[in-house]
Structures are given as structure tokens and as C-alpha cells.
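Source file: query.cif. Holds: mmCIF, C-alpha atoms and all ligand atoms.
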```
data_query
#
loop_
_atom_site.label_atom_id
_atom_site.label_comp_id
_atom_site.auth_asym_id
_atom_site.auth_seq_id
_atom_site.Cartn_x
_atom_site.Cartn_y
_atom_site.Cartn_z
CA MET N 789 -3.74 -14.66 30.10
CA SER N 790 -1.57 -16.04 27.34
CA GLU N 791 1.51 -14.57 25.87
CA LEU N 792 2.32 -15.95 22.42
CA ILE N 793 5.97 -16.28 21.41
CA LEU N 794 7.39 -17.40 18.08
CA GLU N 795 11.13 -17.98 18.34
CA ASN N 796 13.24 -18.35 15.20
CA VAL N 797 10.40 -20.07 13.41
CA ILE N 798 11.32 -21.38 9.97
CA VAL N 799 9.02 -22.71 7.25
CA GLU N 800 10.44 -23.49 3.82
CA TYR N 801 8.56 -23.80 0.56
CA PRO N 802 10.19 -24.19 -2.87
CA ASN N 803 10.04 -20.44 -3.56
CA PHE N 804 9.56 -18.96 -0.11
CA LYS N 805 11.10 -18.97 3.34
CA LEU N 806 9.44 -17.76 6.52
CA ASP N 807 12.07 -16.96 9.12
CA LEU N 808 10.94 -14.88 12.07
CA SER N 809 10.48 -14.29 15.75
CA PHE N 810 7.75 -12.29 17.36
CA LYS N 811 5.89 -11.89 20.60
CA ALA N 812 2.29 -10.96 21.31
CA GLU N 813 1.62 -10.11 24.92
CA ALA N 814 -1.31 -11.60 26.78
CA GLY N 815 -4.47 -9.75 25.82
CA GLU N 816 -2.79 -7.83 23.03
CA PHE N 817 -4.48 -7.13 19.69
CA VAL N 818 -1.73 -7.54 17.10
CA SER N 819 -2.17 -6.85 13.39
CA VAL N 820 0.12 -8.58 10.92
CA ILE N 821 0.42 -6.61 7.73
CA GLY N 822 2.48 -6.92 4.56
CA PRO N 823 2.20 -7.32 0.80
CA SER N 824 0.54 -10.30 -0.80
CA GLY N 825 2.84 -13.34 -0.60
CA SER N 826 4.91 -11.98 2.30
CA GLY N 827 3.93 -14.87 4.60
CA LYS N 828 1.05 -13.50 6.68
CA SER N 829 -1.27 -16.51 6.28
CA THR N 830 1.64 -18.87 6.82
CA ILE N 831 2.24 -17.26 10.23
CA LEU N 832 -1.36 -17.97 11.28
CA SER N 833 -1.15 -21.46 9.86
CA VAL N 834 1.97 -22.13 11.92
CA ILE N 835 0.39 -20.83 15.14
CA SER N 836 -2.77 -22.88 14.60
CA GLY N 837 -0.78 -26.03 13.85
CA LEU N 838 -2.04 -26.48 10.29
CA THR N 839 1.51 -26.00 8.96
CA PRO N 840 4.39 -27.77 10.72
CA ILE N 841 7.60 -25.77 11.18
CA LYS N 842 11.09 -26.84 10.14
CA GLU N 843 12.85 -25.15 13.03
CA GLY N 844 11.99 -22.94 15.97
CA LYS N 845 9.67 -22.89 18.94
CA ILE N 846 6.16 -21.66 19.65
CA THR N 847 4.94 -21.07 23.18
CA LEU N 848 1.52 -20.00 24.37
CA GLY N 849 1.09 -18.91 27.98
CA GLY N 850 4.36 -20.64 28.81
CA ARG N 851 3.28 -23.98 27.21
CA ASP N 852 5.47 -25.27 24.39
CA ILE N 853 2.91 -25.91 21.63
CA THR N 854 5.43 -26.39 18.79
CA HIS N 855 4.37 -30.00 18.26
CA GLU N 856 0.98 -29.86 19.93
CA LYS N 857 -2.10 -31.18 18.10
CA ILE N 858 -4.39 -28.54 16.57
CA GLN N 859 -7.29 -29.33 18.93
CA LYS N 860 -5.08 -28.96 21.99
CA ARG N 861 -3.53 -25.61 21.16
CA HIS N 862 -6.47 -23.49 22.42
CA VAL N 863 -6.50 -21.47 19.23
CA GLY N 864 -9.54 -20.18 17.29
CA ILE N 865 -9.28 -19.25 13.64
CA VAL N 866 -11.44 -17.27 11.21
CA PHE N 867 -10.70 -17.30 7.48
CA GLN N 868 -11.52 -14.78 4.76
CA ASP N 869 -13.89 -17.22 3.04
CA TYR N 870 -15.66 -18.15 6.35
CA ALA N 871 -15.13 -21.94 5.83
CA LEU N 872 -18.61 -22.70 7.19
CA PHE N 873 -20.75 -25.76 6.48
CA GLU N 874 -23.17 -24.30 3.93
CA ASN N 875 -25.88 -26.91 4.29
CA MET N 876 -25.99 -26.79 8.09
CA ASN N 877 -27.74 -24.17 10.16
CA VAL N 878 -25.98 -21.58 12.31
CA SER N 879 -26.42 -23.54 15.51
CA LYS N 880 -24.86 -26.71 14.08
CA ASN N 881 -21.92 -24.79 12.69
CA ILE N 882 -21.13 -23.46 16.14
CA ALA N 883 -21.83 -26.80 17.80
CA TYR N 884 -19.23 -28.37 15.54
CA ALA N 885 -16.50 -26.41 17.33
CA LEU N 886 -17.76 -27.76 20.66
CA LYS N 887 -17.61 -31.37 19.44
CA PHE N 888 -14.45 -32.14 21.35
CA HIS N 889 -15.69 -30.47 24.52
CA LYS N 890 -17.65 -32.52 26.96
CA MET N 891 -20.61 -30.31 27.70
CA LYS N 892 -24.14 -31.02 28.83
CA ARG N 893 -26.87 -30.19 26.33
CA LYS N 894 -28.12 -27.27 28.38
CA GLU N 895 -24.63 -25.85 28.78
CA LYS N 896 -24.05 -26.19 25.04
CA LYS N 897 -27.22 -24.26 24.30
CA GLU N 898 -26.30 -21.54 26.77
CA THR N 899 -22.83 -21.23 25.24
CA LYS N 900 -24.31 -20.97 21.74
CA ASP N 901 -26.85 -18.34 22.80
CA LEU N 902 -24.15 -16.32 24.51
CA LEU N 903 -21.92 -16.48 21.44
CA LEU N 904 -24.74 -15.50 19.10
CA SER N 905 -25.57 -12.47 21.20
CA LEU N 906 -21.86 -11.57 21.39
CA VAL N 907 -21.64 -11.42 17.57
CA GLY N 908 -25.06 -9.75 17.21
CA LEU N 909 -26.95 -12.75 15.79
CA GLU N 910 -29.54 -13.52 18.48
CA GLY N 911 -32.32 -15.72 17.14
CA PHE N 912 -30.34 -16.88 14.09
CA ASP N 913 -29.85 -20.46 15.43
CA LYS N 914 -31.98 -22.22 12.85
CA ARG N 915 -31.00 -20.16 9.81
CA LYS N 916 -29.18 -22.03 7.02
CA ILE N 917 -25.75 -20.62 6.18
CA SER N 918 -26.76 -20.34 2.52
CA THR N 919 -29.44 -17.78 3.46
CA LEU N 920 -27.04 -15.42 5.24
CA SER N 921 -25.24 -12.32 3.95
CA GLY N 922 -21.42 -12.14 3.85
CA GLY N 923 -21.30 -10.09 7.04
CA GLN N 924 -23.60 -12.52 8.86
CA CYS N 925 -21.50 -15.49 7.71
CA GLN N 926 -18.40 -13.82 9.10
CA ARG N 927 -20.19 -13.30 12.43
CA VAL N 928 -21.02 -17.02 12.56
CA ALA N 929 -17.39 -17.86 11.77
CA LEU N 930 -16.34 -15.57 14.63
CA ALA N 931 -18.81 -17.18 17.02
CA ARG N 932 -17.52 -20.61 16.04
CA ALA N 933 -13.90 -19.58 16.59
CA LEU N 934 -14.78 -18.15 20.01
CA ALA N 935 -16.84 -21.19 21.06
CA THR N 936 -13.95 -22.96 22.74
CA SER N 937 -12.76 -19.81 24.60
CA PRO N 938 -9.43 -19.79 22.74
CA GLU N 939 -6.32 -18.29 24.30
CA VAL N 940 -5.44 -16.93 20.87
CA LEU N 941 -7.87 -15.81 18.18
CA LEU N 942 -6.41 -15.84 14.66
CA LEU N 943 -8.17 -13.73 12.03
CA ASP N 944 -7.05 -14.17 8.42
CA GLU N 945 -8.32 -11.14 6.46
CA PRO N 946 -11.83 -11.72 7.83
CA LEU N 947 -13.27 -8.55 6.31
CA SER N 948 -11.76 -8.50 2.85
CA ALA N 949 -14.81 -10.01 1.12
CA LEU N 950 -17.16 -7.40 2.61
CA ASP N 951 -18.12 -3.92 1.39
CA ALA N 952 -16.50 -0.81 2.89
CA ASN N 953 -19.32 0.18 5.26
CA LEU N 954 -19.69 -3.28 6.69
CA ARG N 955 -15.92 -3.60 7.04
CA ARG N 956 -15.75 -0.49 9.21
CA HIS N 957 -18.63 -1.63 11.38
CA LEU N 958 -17.44 -5.21 11.83
CA LYS N 959 -13.87 -4.07 12.45
CA ASP N 960 -15.04 -2.08 15.48
CA GLU N 961 -17.08 -5.04 16.67
CA ILE N 962 -14.10 -7.37 16.38
CA ARG N 963 -12.13 -5.08 18.64
CA LYS N 964 -15.02 -4.98 21.14
CA ILE N 965 -15.28 -8.77 21.11
CA HIS N 966 -11.53 -8.99 21.73
CA ASP N 967 -11.83 -6.62 24.70
CA LYS N 968 -14.76 -8.55 26.18
CA ALA N 969 -12.87 -11.86 26.03
CA GLU N 970 -10.48 -10.63 28.71
CA GLY N 971 -6.93 -11.88 28.32
CA MET N 972 -7.47 -13.38 24.85
CA THR N 973 -4.68 -12.52 22.44
CA THR N 974 -5.74 -11.71 18.88
CA ILE N 975 -3.60 -11.93 15.76
CA TYR N 976 -5.28 -10.12 12.89
CA VAL N 977 -3.96 -10.47 9.36
CA THR N 978 -4.88 -7.68 6.97
CA HIS N 979 -3.43 -5.84 4.01
CA ASP N 980 -5.30 -2.66 4.92
CA ILE N 981 -3.00 -0.32 6.86
CA GLU N 982 -5.77 2.04 7.92
CA GLU N 983 -7.62 -0.87 9.45
CA ALA N 984 -4.45 -2.00 11.23
CA LEU N 985 -3.63 1.49 12.52
CA SER N 986 -7.10 2.01 13.94
CA ILE N 987 -7.69 -1.35 15.61
CA SER N 988 -4.35 -2.61 16.95
CA ASP N 989 -2.29 -2.40 20.11
CA ARG N 990 0.67 -3.38 17.99
CA ILE N 991 1.44 -3.81 14.30
CA VAL N 992 3.92 -6.29 12.85
CA ILE N 993 5.04 -5.42 9.33
CA ILE N 994 6.14 -8.45 7.29
CA LYS N 995 8.29 -8.42 4.18
CA ASP N 996 9.55 -11.53 2.37
CA GLY N 997 8.87 -13.81 5.34
CA LYS N 998 10.68 -11.59 7.84
CA VAL N 999 9.62 -9.03 10.43
CA GLU N 1000 10.37 -5.56 9.11
CA MET N 1001 9.09 -3.69 12.18
CA SER N 1002 6.97 -4.51 15.23
CA ALA N 1003 5.66 -1.57 17.26
CA ARG N 1004 2.67 0.47 18.39
CA PRO N 1005 0.65 1.97 15.51
CA GLU N 1006 1.84 5.51 16.36
CA GLU N 1007 5.46 4.36 16.30
CA ILE N 1008 5.00 2.60 12.95
CA TYR N 1009 3.39 5.66 11.38
CA GLN N 1010 5.48 8.43 12.93
CA HIS N 1011 8.87 6.74 13.27
CA PRO N 1012 9.09 4.01 10.62
CA ALA N 1013 12.29 2.01 11.15
CA THR N 1014 12.75 1.26 7.46
CA GLN N 1015 11.82 2.84 4.14
CA PHE N 1016 9.60 -0.15 3.43
CA THR N 1017 7.65 0.46 6.65
CA ALA N 1018 7.37 4.17 5.82
CA SER N 1019 5.92 3.51 2.38
CA PHE N 1020 3.70 0.65 3.55
CA SER N 1021 2.15 2.51 6.47
CA GLY N 1022 0.61 5.46 4.59
CA ASP N 1023 1.17 8.34 2.18
CA GLY N 1024 4.41 10.25 2.20
CA THR N 1025 7.30 11.72 0.27
CA PHE N 1026 10.79 10.31 -0.20
CA LEU N 1027 13.47 12.70 -1.42
CA PRO N 1028 17.16 11.97 -2.06
CA ALA N 1029 19.47 13.74 0.42
CA SER N 1030 21.61 14.88 -2.52
CA LEU N 1031 18.98 17.57 -3.20
CA PHE N 1032 19.92 19.37 0.01
CA SER N 1033 23.43 18.52 1.14
CA ASP N 1034 26.45 16.30 0.72
CA ASN N 1035 25.96 15.02 4.25
CA GLU N 1036 26.79 11.31 4.17
CA ASN N 1037 24.93 10.45 7.36
CA TYR N 1038 21.74 9.88 5.43
CA ASP N 1039 20.82 9.28 1.81
CA THR N 1040 17.02 9.72 1.86
CA ILE N 1041 14.48 11.75 3.76
CA PHE N 1042 10.81 10.96 4.31
CA PHE N 1043 7.86 12.95 5.62
CA ARG N 1044 4.07 12.57 5.80
CA PRO N 1045 1.68 14.86 3.85
CA GLU N 1046 0.24 16.36 7.05
CA SER N 1047 3.74 17.50 8.12
CA VAL N 1048 3.98 19.71 5.05
CA HIS N 1049 2.94 23.39 5.24
CA MET N 1050 2.29 25.22 2.03
CA THR N 1051 2.80 28.94 1.47
CA GLU N 1052 2.12 30.97 -1.64
CA SER N 1053 4.90 33.46 -0.81
CA PRO N 1054 8.53 32.47 -0.13
CA PHE N 1055 9.25 30.95 3.30
CA HIS N 1056 10.72 33.44 5.80
CA GLY N 1057 10.76 31.28 8.93
CA ASP N 1058 13.50 29.57 10.89
CA PHE N 1059 15.67 27.65 8.41
CA LYS N 1060 17.43 25.81 11.24
CA MET N 1061 14.19 24.25 12.37
CA HIS N 1062 12.60 23.72 8.96
CA LEU N 1063 13.33 22.17 5.63
CA CYS N 1064 12.09 24.48 2.90
CA LEU N 1065 11.31 23.48 -0.69
CA ASP N 1066 10.90 26.54 -2.92
CA ASN N 1067 9.42 26.64 -6.41
CA CYS N 1068 7.20 23.57 -6.21
CA SER N 1069 4.74 23.32 -9.08
CA VAL N 1070 1.23 22.14 -8.35
CA LEU N 1071 0.49 18.98 -10.38
CA SER N 1072 -2.93 17.96 -9.10
CA THR N 1073 -5.27 18.13 -6.13
CA GLU N 1074 -7.28 15.26 -4.62
CA TYR N 1075 -10.26 15.97 -2.36
CA ARG N 1076 -10.09 13.77 0.74
CA GLY N 1077 -13.18 14.85 2.66
CA SER N 1078 -11.71 16.83 5.53
CA ARG N 1079 -8.61 17.87 3.56
CA TYR N 1080 -7.02 18.16 0.14
CA LEU N 1081 -4.00 16.15 -0.90
CA VAL N 1082 -1.89 18.30 -3.20
CA ASN N 1083 0.65 16.62 -5.48
CA LEU N 1084 3.64 18.87 -6.16
CA ASP N 1085 6.74 18.65 -8.28
CA PHE N 1086 10.00 19.66 -6.64
CA ARG N 1087 12.93 19.41 -9.05
CA GLY N 1088 11.51 16.30 -10.71
CA HIS N 1089 10.37 14.64 -7.45
CA LEU N 1090 6.78 14.12 -6.31
CA VAL N 1091 5.93 15.83 -2.99
CA LYS N 1092 2.61 15.18 -1.24
CA ALA N 1093 1.10 17.91 0.93
CA GLU N 1094 -2.12 17.94 2.92
CA THR N 1095 -3.93 21.31 2.96
CA THR N 1096 -7.25 22.78 4.03
CA ASP N 1097 -7.64 24.85 0.84
CA ILE N 1098 -6.90 24.36 -2.83
CA PRO N 1099 -3.79 26.38 -3.75
CA ASN N 1100 -4.50 29.54 -5.79
CA LYS N 1101 -1.11 29.65 -7.42
CA LYS N 1102 0.65 27.20 -9.75
CA ILE N 1103 4.00 27.69 -7.98
CA VAL N 1104 4.23 27.43 -4.16
CA SER N 1105 6.77 26.89 -1.38
CA VAL N 1106 6.47 24.24 1.27
CA TYR N 1107 8.24 23.76 4.59
CA ILE N 1108 8.46 20.86 7.02
CA ARG N 1109 9.53 20.97 10.68
CA LYS N 1110 12.75 18.97 10.90
CA PRO N 1111 11.71 16.80 13.88
CA LEU N 1112 8.90 15.43 11.68
CA ILE N 1113 11.34 14.21 9.02
CA SER N 1114 12.70 10.64 9.00
CA PHE N 1115 16.30 10.31 7.84
CA PHE N 1116 17.32 7.03 6.22
CA LYS N 1117 20.65 5.50 5.27
CA ASP N 1118 20.64 2.27 3.25
CA GLU N 1119 16.86 2.06 3.73
CA LYS N 1120 17.14 2.10 7.55
CA LEU N 1121 16.24 4.92 9.95
CA ILE N 1122 19.18 6.75 11.49
CA ASN N 1123 19.07 8.77 14.77
P1 LIG N 1201 0.31 -13.82 2.37
O1 LIG N 1201 -0.69 -14.35 3.35
O2 LIG N 1201 1.17 -12.75 2.94
O3 LIG N 1201 -0.29 -13.41 1.07
P2 LIG N 1201 1.20 -16.57 2.28
O4 LIG N 1201 1.62 -16.86 3.68
O5 LIG N 1201 -0.13 -17.07 1.84
O6 LIG N 1201 1.33 -15.00 2.01
O7 LIG N 1201 2.27 -17.17 1.28
C1 LIG N 1201 3.65 -16.86 1.34
C2 LIG N 1201 4.40 -17.59 0.24
O8 LIG N 1201 4.40 -18.99 0.50
C3 LIG N 1201 3.76 -17.42 -1.14
O9 LIG N 1201 4.80 -17.28 -2.07
C4 LIG N 1201 3.01 -18.72 -1.34
O10 LIG N 1201 2.95 -19.04 -2.71
C5 LIG N 1201 3.89 -19.71 -0.59
N1 LIG N 1201 3.10 -20.85 -0.07
C6 LIG N 1201 2.11 -20.78 0.84
N2 LIG N 1201 1.64 -22.02 1.13
C7 LIG N 1201 2.34 -22.88 0.37
C8 LIG N 1201 2.33 -24.31 0.21
N3 LIG N 1201 1.48 -25.09 0.91
N4 LIG N 1201 3.22 -24.84 -0.66
C9 LIG N 1201 4.10 -24.07 -1.34
N5 LIG N 1201 4.16 -22.73 -1.23
C10 LIG N 1201 3.31 -22.13 -0.40
#
```
Can you dump the structure from the file as C-alpha cells?
Amino acid sequence: MSELILENVIVEYPNFKLDLSFKAEAGEFVSVIGPSGSGKSTILSVISGLTPIKEGKITLGGRDITHEKIQKRHVGIVFQDYALFENMNVSKNIAYALKFHKMKRKEKKETKDLLLSLVGLEGFDKRKISTLSGGQCQRVALARALATSPEVLLLDEPLSALDANLRRHLKDEIRKIHDKAEGMTTIYVTHDIEEALSISDRIVIIKDGKVEMSARPEEIYQHPATQFTASFSGDGTFLPASLFSDNENYDTIFFRPESVHMTESPFHGDFKMHLCLDNCSVLSTEYRGSRYLVNLDFRGHLVKAETTDIPNKKIVSVYIRKPLISFFKDEKLIN
């Protein structure tokens, strides 16, 4: 069981600085998410030992691994582009990871067979990498990363080269593999928030090399600590507080589309408990499978509402229960 801690870790490049602390508990599945160039891959690179740090400390299961050699860190890594040996077969690719482990031949074979069945590739031992599909290559890369029973598994956008169906399927399998390898901590880099919300025990949102928020998926989605987190973690509406009051406690409000109720007659409910926006004009409607997303204009501002039916009228009212609204001041959550 290995807790991973990054303490005040600093990496400096000419145009970029990574400066963060974060903790992944033993056995936790943590997704790291943020815009392109925010430092996600650099974090994995630092944990694996590929990139040395300027300052700070990294510990894994209580061991200080800040200056530890890559092979001795007990870390497995899977990249987006698989990084497999194309001209070798599946078996040799996996065996490569076991090179530094003294194992008898029989034990090696048993380990390989076990790994191949774990990633759903039984009987693929002799297949050349160049004959495999993208999804199969990523399974081999996973098997190779798991070969040394790592304490931490690092996944750098492993699904981004695959098509949507395969992504969904393999994402679920990755979580199952994580759960089977009891106690293994997984750090999963992605730019897909829906993937992160569905698979993780915890999500770390990164912006400009810093941690913006680190919390359970529900917390990230329902109580975003910053405006950046709110906008990065799904659809929603920001409105300036000046539209409603001259209260200086907050300057912006935010709510999710599913918190918005639409009515085609004026709202007559409890104004203490609800925020009501009258005279919204319907701009467009997007079909989302189980729901419609309706784009509305409220005094020059875009409001997103989720509904079960397409609105009949061009002008509607909407209301939102106040506890479902996030109030921000200077881009940070208040209350
Ligand atoms: P992300 O994975 O979030 O897209 P990266 O961690 O790859 O972001 O990169 C963060 C920033 O660091 C980028 O601006 C990138 O150009 C820069 N960077 C990454 N590696 C190097 C390097 N070896 N030398 C100089 N700059 C780098």
C-alpha cells in the first residue's frame, strides 16, 4: 500500500514553471486534468524519474524517491503513443519490463500469461506489435507497465488515440485492473472531464503548473472551488451578480444546466429559495439523447438549461434553487 506525496515540487522550463504539492492515498485512482500545456505530463515525468526536479520532495509509501533511479522507483508508465517495440512480438515487449527482475523462465512465462489474461489478450504472445490494433497495443503497454507490480501506475492519456467506443470500454477495464491490483495507486492524465468524473476516486485540476482544486469528482462538479474548475468540469452558466443585486459579497454566480427549471408561464414559487430569470429568449436546442440542452438569452447573457421537452414558446422563465448556485468573488468560491 503506497501513498504518493509530492511536496512543493518545482520544475522550471524557459516558458513554464511547475510548482505544486499533492497527495494520492494508497490504492487511490487519481485523475489529473487540465488544459493542454498546463503541466500534466510533466507531473508524471517527475514521479517516474524521467524529469529531475529543481526543488521539493517526492515520497512513495514513506520512501523518499526524489533522487531515486527510475528502475528503483516501483513505478509503471503507459504513454498515449504506446512506446512499444514494433518489430518485437507481444511476449518480448512484456519480457523487456522484467529484464531487471531475476526470475526463472517458468515464473516469467507465468507472469506474462497472467498479465495477458488481465488485459484480455490471452494467446497473443507471438503476435507482432505491427499487426495489432490501437486498442490491442494499449493493452500490451498496460501489461508491460504492470509486469513489475508497480506501487504506482502512471497513465498519460492512454486512450486519446482510440475511437469513442473503444475508449469507453477500455476506460472501464483500466479501472477494473486498478481494483484488482490491490493497493496500487494510479495517476491518470486525461483532458476528458467526463472520463475523469466517471473513473476517479479523486480529481486534481491543474492550471498553469499549479493545483487549482483536488477533490472527489462529486465535489469538483457540484462545489467547484474556483471559476476555472467550474468551467473546466462541465457545462454551466456564469452570470454577473450585478444583474440581481448590489451585494458585494460575490461578483459572479454559476449553476449547472440540470439545476435549471424552465416554465412557460411566469414563476410563482418561493423567491427566497429560488433565483428566477424572467423573459429568457430561446436561442437554440441541442438534443443530448436523454435530454435537451436549451440555450437561452437572459439580458445579453447565455443561460444553459437541461429539459426533457423542447420548449413550445420563444420566451420562457427559468428558476434555480439557491443551494445549487455557486457564488464567486474574484474567481474563488465564497461560503
Ligand atoms: P500537458 O501535459 O498538460 O499538455 P506538459 O507537461 O507536456 O503539459 O507541458 C507543460 C509545459 O512545459 C508546456 O509549455 C511545454 O512546452 C513545457 N515543456 C515540457 N517539457 C519541456 C522540456 N523538456 N523543455 C522545455 N519545455 C518543456
Using the file's own x, y and z axes, so that the box edges lie along x, y and z, what centre and edge lengths in Å (one decimal) does a box around every listed atom of ligand LIG 1201 (chain N) get when 6 Å is added on each side? Give it as AutoDock Vina command-line options.
```
--center_x 2.1 --center_y -18.9 --center_z 0.5 --size_x 17.5 --size_y 24.3 --size_z 18.4
```
So which residues touch region 1019-1035 of chain N within 8 Å, counting all atoms listed in the file, skipping near sequence neighbours fewer than 5 positions away, as a ChimeraX atom specification? /N:822,981-982,1008-1009,1040-1045,1089-1092
Could you pull out the residues sitting within 10 Å of ligand LIG 1201 (chain N), using only C-alpha atoms and all ligand atoms, and write them as a PyMOL selection string? chain N and resi 799-806+820-834+839+944-945+977-979+994-997
Who sits within 12 Å of Ala935 (chain N), all atoms listed in the file, same chain under 6 positions skipped, as a ChimeraX atom specification: /N:862-866,879-889,891,895-904,906-907,928-929,941,969
I'd like the interatomic distance between CA of Thr919 (chain N) and CA of Leu950 (chain N), to a tenth of an Å. 16.1 Å
Which residue, N:Ser988, N:Thr1051, N:Ser1002, N:Thr847, has the smallest gap to Ile1108 (chain N) when you use all atoms listed in the file?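 Closest to Ile1108 (chain N) of all the choices is N:Thr1051.
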Please determine, counting only C-alpha atoms, which residue among N:Arg932, N:Val1106, N:Val940, N:Gly844 has the shortest atom-to-atom distance to Gly971 (chain N). N:Val940
From the list N:Arg927, N:Ile835, N:His1011, N:Asp967, the nearest residue to Ala871 (chain N) using all atoms listed in the file is N:Arg927
Nearest candidate to Pro1012 (chain N) (options N:Glu843, N:Glu1119, N:Asp989, N:Asp1058; using only C-alpha atoms):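 Among N:Glu843, N:Glu1119, N:Asp989, N:Asp1058, it is N:Glu1119 that comes nearest to Pro1012 (chain N).
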Interatomic distance, CA of Gly849 (chain N) to CA of Lys959 (chain N) (Å, one decimal):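 One can read the CA of Gly849 (chain N) to CA of Lys959 (chain N) distance as 26.2 Å.
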Report, in Å with one decimal, the straight-line distance from CA of Asp960 (chain N) to CA of Gly923 (chain N).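 Computed distance, CA of Asp960 (chain N) to CA of Gly923 (chain N), equals 13.2 Å.
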Complete region 1075-1091 of chain N at the level of N, CA and C atoms, written as an mmCIF file, keeping the file's coordinate frame.
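Once written, part_7.cif looks like this:
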```cif
data_model
loop_
_atom_site.group_PDB
_atom_site.id
_atom_site.type_symbol
_atom_site.label_atom_id
_atom_site.label_comp_id
_atom_site.auth_asym_id
_atom_site.auth_seq_id
_atom_site.Cartn_x
_atom_site.Cartn_y
_atom_site.Cartn_z
ATOM 1 N N TYR N 1075 -9.399 15.649 -3.505
ATOM 2 C CA TYR N 1075 -10.260 15.970 -2.360
ATOM 3 C C TYR N 1075 -10.374 14.746 -1.463
ATOM 4 N N ARG N 1076 -10.079 14.908 -0.182
ATOM 5 C CA ARG N 1076 -10.090 13.770 0.740
ATOM 6 C C ARG N 1076 -11.126 13.902 1.847
ATOM 7 N N GLY N 1077 -12.169 14.680 1.618
ATOM 8 C CA GLY N 1077 -13.180 14.850 2.660
ATOM 9 C C GLY N 1077 -12.834 16.008 3.559
ATOM 10 N N SER N 1078 -12.030 15.737 4.605
ATOM 11 C CA SER N 1078 -11.710 16.830 5.530
ATOM 12 C C SER N 1078 -10.564 17.693 5.003
ATOM 13 N N ARG N 1079 -9.823 17.210 4.029
ATOM 14 C CA ARG N 1079 -8.610 17.870 3.560
ATOM 15 C C ARG N 1079 -8.433 17.698 2.061
ATOM 16 N N TYR N 1080 -7.450 18.421 1.514
ATOM 17 C CA TYR N 1080 -7.020 18.160 0.140
ATOM 18 C C TYR N 1080 -5.625 17.561 0.177
ATOM 19 N N LEU N 1081 -5.365 16.636 -0.724
ATOM 20 C CA LEU N 1081 -4.000 16.150 -0.900
ATOM 21 C C LEU N 1081 -3.488 16.800 -2.184
ATOM 22 N N VAL N 1082 -2.426 17.591 -2.046
ATOM 23 C CA VAL N 1082 -1.890 18.300 -3.200
ATOM 24 C C VAL N 1082 -0.604 17.601 -3.645
ATOM 25 N N ASN N 1083 -0.562 17.235 -4.924
ATOM 26 C CA ASN N 1083 0.650 16.620 -5.480
ATOM 27 C C ASN N 1083 1.484 17.721 -6.131
ATOM 28 N N LEU N 1084 2.745 17.799 -5.693
ATOM 29 C CA LEU N 1084 3.640 18.870 -6.160
ATOM 30 C C LEU N 1084 4.868 18.274 -6.828
ATOM 31 N N ASP N 1085 5.456 19.059 -7.713
ATOM 32 C CA ASP N 1085 6.740 18.650 -8.280
ATOM 33 C C ASP N 1085 7.835 19.543 -7.731
ATOM 34 N N PHE N 1086 8.842 18.904 -7.094
ATOM 35 C CA PHE N 1086 10.000 19.660 -6.640
ATOM 36 C C PHE N 1086 11.234 19.089 -7.343
ATOM 37 N N ARG N 1087 11.744 19.823 -8.266
ATOM 38 C CA ARG N 1087 12.930 19.410 -9.050
ATOM 39 C C ARG N 1087 12.841 17.964 -9.537
ATOM 40 N N GLY N 1088 11.682 17.629 -10.110
ATOM 41 C CA GLY N 1088 11.510 16.300 -10.710
ATOM 42 C C GLY N 1088 11.061 15.226 -9.720
ATOM 43 N N HIS N 1089 10.811 15.614 -8.459
ATOM 44 C CA HIS N 1089 10.370 14.640 -7.450
ATOM 45 C C HIS N 1089 8.952 14.975 -6.983
ATOM 46 N N LEU N 1090 8.158 13.924 -6.755
ATOM 47 C CA LEU N 1090 6.780 14.120 -6.310
ATOM 48 C C LEU N 1090 6.744 14.392 -4.805
ATOM 49 N N VAL N 1091 6.089 15.485 -4.417
ATOM 50 C CA VAL N 1091 5.930 15.830 -2.990
ATOM 51 C C VAL N 1091 4.434 15.879 -2.691
#
```
